[in-house]
file run.txt (compact mmCIF, C-alpha atoms)
# COMPACT_ATOMS: atom_id res chain seq x y z
CA MET A 276 -0.04 21.93 -4.01
CA LEU A 277 -0.99 18.43 -5.02
CA ARG A 278 -2.92 16.30 -2.55
CA GLU A 279 -4.64 12.96 -2.49
CA ARG A 280 -8.09 12.85 -0.95
CA LYS A 281 -9.42 9.89 0.99
CA ALA A 282 -13.03 9.92 1.96
CA GLN A 283 -15.73 7.85 3.58
CA ARG A 284 -14.48 4.80 5.38
CA GLU A 285 -16.99 1.98 5.48
CA GLU A 286 -16.35 0.57 8.94
CA SER A 287 -19.13 -2.03 8.72
CA LEU A 288 -17.11 -4.16 6.28
CA LEU A 289 -13.97 -4.26 8.38
CA LEU A 290 -14.59 -7.44 10.28
CA VAL A 291 -16.89 -9.14 7.79
CA LEU A 292 -13.98 -10.01 5.53
CA GLN A 293 -13.30 -13.16 7.56
CA GLY A 294 -10.54 -12.00 9.81
CA LYS A 295 -9.00 -9.55 7.34
CA GLN A 296 -8.84 -6.18 9.09
CA LEU A 297 -9.11 -3.27 6.68
CA ASP A 298 -8.61 0.34 7.69
CA GLY A 299 -11.27 1.52 5.23
CA ILE A 300 -12.57 1.47 1.71
CA TRP A 301 -11.09 4.52 0.08
CA HIS A 302 -12.32 7.00 -2.49
CA THR A 303 -9.41 9.08 -3.72
CA SER A 304 -9.07 12.17 -5.83
CA ILE A 305 -6.33 14.61 -6.74
CA ILE A 306 -6.33 18.27 -5.81
CA VAL A 307 -4.22 20.32 -8.19
CA HIS A 308 -4.38 23.87 -9.59
CA LYS A 309 -7.16 24.77 -7.10
CA ASP A 310 -9.57 22.00 -8.21
CA GLU A 311 -10.33 18.45 -7.14
CA PHE A 312 -10.36 15.78 -9.89
CA PHE A 313 -11.78 12.27 -9.54
CA TYR A 314 -12.98 9.34 -11.60
CA GLY A 315 -16.14 7.27 -11.45
CA SER A 316 -18.68 5.63 -13.72
CA GLY A 317 -19.45 9.07 -15.21
CA GLY A 318 -15.84 9.57 -16.31
CA ILE A 319 -13.46 12.22 -15.02
CA SER A 320 -15.10 14.94 -12.93
CA SER A 321 -13.96 18.04 -11.10
CA CYS A 322 -15.17 20.29 -8.32
CA THR A 323 -13.85 22.73 -5.78
CA PRO A 324 -11.87 20.85 -3.11
CA GLY A 325 -14.29 19.01 -0.84
CA GLY A 326 -17.17 19.93 -3.16
CA THR A 327 -18.72 16.49 -3.64
CA LEU A 328 -21.51 15.24 -1.42
CA LEU A 329 -18.91 13.00 0.24
CA GLY A 330 -17.90 16.11 2.16
CA PRO A 331 -14.50 16.81 3.64
CA PRO A 332 -11.93 14.02 3.42
CA ASP A 333 -11.04 11.77 6.33
CA SER A 334 -7.40 12.52 5.62
CA VAL A 335 -5.19 14.20 3.05
CA VAL A 336 -1.83 12.90 1.88
CA ASP A 337 0.56 15.50 0.48
CA LEU A 338 2.18 13.99 -2.61
CA GLY A 339 4.37 16.99 -3.30
CA ASN A 340 4.38 19.83 -5.80
CA THR A 341 4.20 19.77 -9.57
CA GLU A 342 5.91 21.74 -12.30
CA VAL A 343 3.18 20.75 -14.78
CA THR A 344 1.25 23.81 -15.90
CA GLU A 345 -2.52 23.92 -15.68
CA GLU A 346 -2.80 24.02 -19.48
CA ILE A 347 -0.68 20.89 -19.94
CA PHE A 348 -2.51 19.17 -17.09
CA LEU A 349 -5.93 19.89 -18.62
CA GLU A 350 -4.74 18.57 -22.01
CA TYR A 351 -3.49 15.43 -20.26
CA LEU A 352 -6.84 14.97 -18.46
CA SER A 353 -8.69 15.42 -21.72
CA SER A 354 -6.64 12.66 -23.36
CA LEU A 355 -7.21 10.37 -20.35
CA GLY A 356 -10.95 11.04 -20.51
CA GLU A 357 -11.02 10.05 -24.17
CA SER A 358 -8.94 6.90 -23.69
CA MET A 359 -8.20 5.12 -20.39
CA PHE A 360 -10.70 6.84 -18.11
CA ARG A 361 -14.00 6.90 -19.99
CA GLY A 362 -17.03 6.28 -17.77
CA GLU A 363 -17.75 2.89 -19.34
CA SER A 364 -14.21 1.74 -18.43
CA TYR A 365 -14.91 2.06 -14.70
CA ASN A 366 -14.60 -1.15 -12.66
CA LEU A 367 -14.81 -1.14 -8.86
CA PHE A 368 -11.87 -3.55 -8.45
CA GLU A 369 -9.61 -3.06 -11.45
CA HIS A 370 -10.08 0.45 -12.87
CA ASN A 371 -11.43 2.88 -10.29
CA CYS A 372 -10.87 6.25 -8.61
CA ASN A 373 -7.67 4.96 -7.03
CA THR A 374 -6.31 3.83 -10.42
CA PHE A 375 -7.01 7.34 -11.71
CA SER A 376 -5.44 9.09 -8.69
CA ASN A 377 -2.35 6.90 -8.97
CA GLU A 378 -1.96 7.59 -12.71
CA VAL A 379 -2.40 11.35 -12.30
CA ALA A 380 -0.10 11.54 -9.26
CA GLN A 381 2.68 9.84 -11.22
CA PHE A 382 2.19 12.22 -14.16
CA LEU A 383 2.30 15.28 -11.91
CA THR A 384 4.98 14.31 -9.39
CA GLY A 385 6.49 10.95 -10.33
CA ARG A 386 5.10 9.57 -7.05
CA LYS A 387 2.43 6.93 -6.53
CA ILE A 388 -0.42 7.07 -4.04
CA PRO A 389 0.06 4.85 -0.96
CA SER A 390 0.02 1.10 -1.60
CA TYR A 391 -2.44 0.44 1.23
CA ILE A 392 -4.98 2.11 -1.08
CA THR A 393 -3.98 0.60 -4.42
CA ASP A 394 -3.57 -2.91 -2.95
CA LEU A 395 -7.00 -2.92 -1.29
CA PRO A 396 -9.03 -4.46 -4.17
CA ALA A 397 -6.67 -7.44 -4.41
CA GLU A 398 -6.81 -7.89 -0.64
CA VAL A 399 -10.61 -7.90 -0.66
CA LEU A 400 -10.74 -10.35 -3.58
CA ALA A 401 -8.29 -12.65 -1.80
CA THR A 402 -10.92 -13.37 0.85
CA PRO A 403 -13.74 -15.90 0.43
CA PHE A 404 -16.20 -13.11 1.22
CA GLY A 405 -14.71 -10.90 -1.51
CA GLN A 406 -14.92 -13.72 -4.04
CA ALA A 407 -18.54 -14.42 -3.11
CA LEU A 408 -19.49 -10.76 -3.48
CA ARG A 409 -17.48 -10.07 -6.64
CA PRO A 410 -20.34 -10.65 -9.13
CA LEU A 411 -22.52 -8.17 -7.25
CA LEU A 412 -19.74 -5.65 -6.70
CA ASP A 413 -18.65 -5.82 -10.35
CA SER A 414 -22.07 -4.49 -11.34
CA ILE A 415 -21.80 -1.41 -9.10
CA GLN A 416 -21.19 1.92 -10.84
CA ILE A 417 -19.87 4.61 -8.52
CA GLN A 418 -19.92 8.32 -9.25
CA PRO A 419 -19.51 10.58 -6.21
CA PRO A 420 -22.29 13.18 -6.47
CA GLY A 421 -21.51 16.86 -6.57
CA GLY A 422 -18.80 17.09 -9.21
CA ASN A 423 -18.94 18.32 -12.78
CA THR A 424 -17.98 16.08 -15.69
CA PHE A 425 -14.62 17.23 -17.01
CA SER A 426 -14.63 18.42 -20.60
CA ARG A 427 -11.59 20.13 -22.10
CA HIS A 428 -13.60 21.49 -25.02
CA ASN A 429 -15.87 23.49 -22.72
CA GLY A 430 -13.35 24.04 -19.95
CA GLN A 431 -14.58 22.34 -16.82
CA SER A 432 -18.33 22.03 -17.26
call {"tool": "encode", "arguments": {"input": "run.txt", "output": "structure tokens"}}
result
Amino acid sequence: MLRERKAQREESLLLVLQGKQLDGIWHTSIIVHKDEFFYGSGGISSCTPGGTLLGPPDSVVDLGNTEVTEEIFLEYLSSLGESMFRGESYNLFEHNCNTFSNEVAQFLTGRKIPSYITDLPAEVLATPFGQALRPLLDSIQIQPPGGNTFSRHNGQS
């Protein structure tokens, strides 16, 4: 089963964005072939489902099933980790865990993750508060603790 993981809503920012109500700030990952895969400033990582220090997800969205074998999936992840999703490519607004989850979900099922997640960075940046905070937020590197950096050469390390 393939699932999208949403974790840790930051309620304190909801009303600060000058009248723009947000349901949360989402961290997403993909659970497939009995492991959870996510992306942060350390690159692509994996763990057992719910195994990061973020704990259990607030909610899980079932994106369907995949016919992609584990071997093909791991080869695909390896190529992503060497190209589009290297740790130094991480950007909180433009190339983040949600970008990764969306890309992987489309590869596995042909379906995207929900737009309320992928549209969130643009919504935040459309506010004066988001624009004022952008320089600070652009410098933030996020890597949820508790996962293992994915490496195809060593299996999942």
call {"tool": "residues_around", "arguments": {"input": "run.txt", "residues": "Leu367 in chain A", "least_positions_apart": "6", "cutoff": "12 Å", "atoms": "only C-alpha atoms", "output": "ChimeraX atom specification"}}
result
/A:300-302,314-316,373-375,393,395-397,399-400,408-418
call {"tool": "closest_residue", "arguments": {"input": "run.txt", "among": "A:Cys372, A:Ile319, A:Ile305, A:Phe313", "to": "Glu357 in chain A", "atoms": "all atoms listed in the file"}}
result
A:Ile319
call {"tool": "atom_distance", "arguments": {"input": "run.txt", "atom1": "CA of Lys309 in chain A", "atom2": "CA of Phe360 in chain A"}}
result
21.3 Å
call {"tool": "closest_residue", "arguments": {"input": "run.txt", "among": "A:Gly326, A:His308, A:Pro331, A:Tyr365", "to": "Leu349 in chain A", "atoms": "only C-alpha atoms"}}
result
A:His308
call {"tool": "closest_residue", "arguments": {"input": "run.txt", "among": "A:Asp333, A:Glu369, A:Glu378, A:Glu311", "to": "Asp394 in chain A", "atoms": "only C-alpha atoms"}}
result
A:Glu369
call {"tool": "atom_distance", "arguments": {"input": "run.txt", "atom1": "CA of Ser334 in chain A", "atom2": "CA of Gly385 in chain A"}}
result
21.2 Å
call {"tool": "residues_near_point", "arguments": {"input": "run.txt", "point": "(0.9, 5.6, 2.8)", "cutoff": "12 Å", "atoms": "all atoms listed in the file", "output": "list of chain:residue names"}}
result
A:Glu279, A:Lys281, A:Asp298, A:Ser334, A:Val335, A:Val336, A:Asp337, A:Leu338, A:Arg386, A:Lys387, A:Ile388, A:Pro389, A:Ser390, A:Tyr391, A:Ile392, A:Thr393, A:Asp394
call {"tool": "closest_residue", "arguments": {"input": "run.txt", "among": "A:Asn366, A:Gln406, A:Phe382, A:Gly317", "to": "Tyr351 in chain A", "atoms": "all atoms listed in the file"}}
result
A:Phe382
call {"tool": "closest_residue", "arguments": {"input": "run.txt", "among": "A:Met359, A:Gly325, A:Ser320, A:Leu383", "to": "Ile347 in chain A", "atoms": "all atoms listed in the file"}}
result
A:Leu383
call {"tool": "closest_residue", "arguments": {"input": "run.txt", "among": "A:Ser364, A:Ser353, A:Asn340, A:Thr402", "to": "Phe312 in chain A", "atoms": "only C-alpha atoms"}}
result
A:Ser353
call {"tool": "atom_distance", "arguments": {"input": "run.txt", "atom1": "CA of Val307 in chain A", "atom2": "CA of Ser354 in chain A"}}
result
17.2 Å
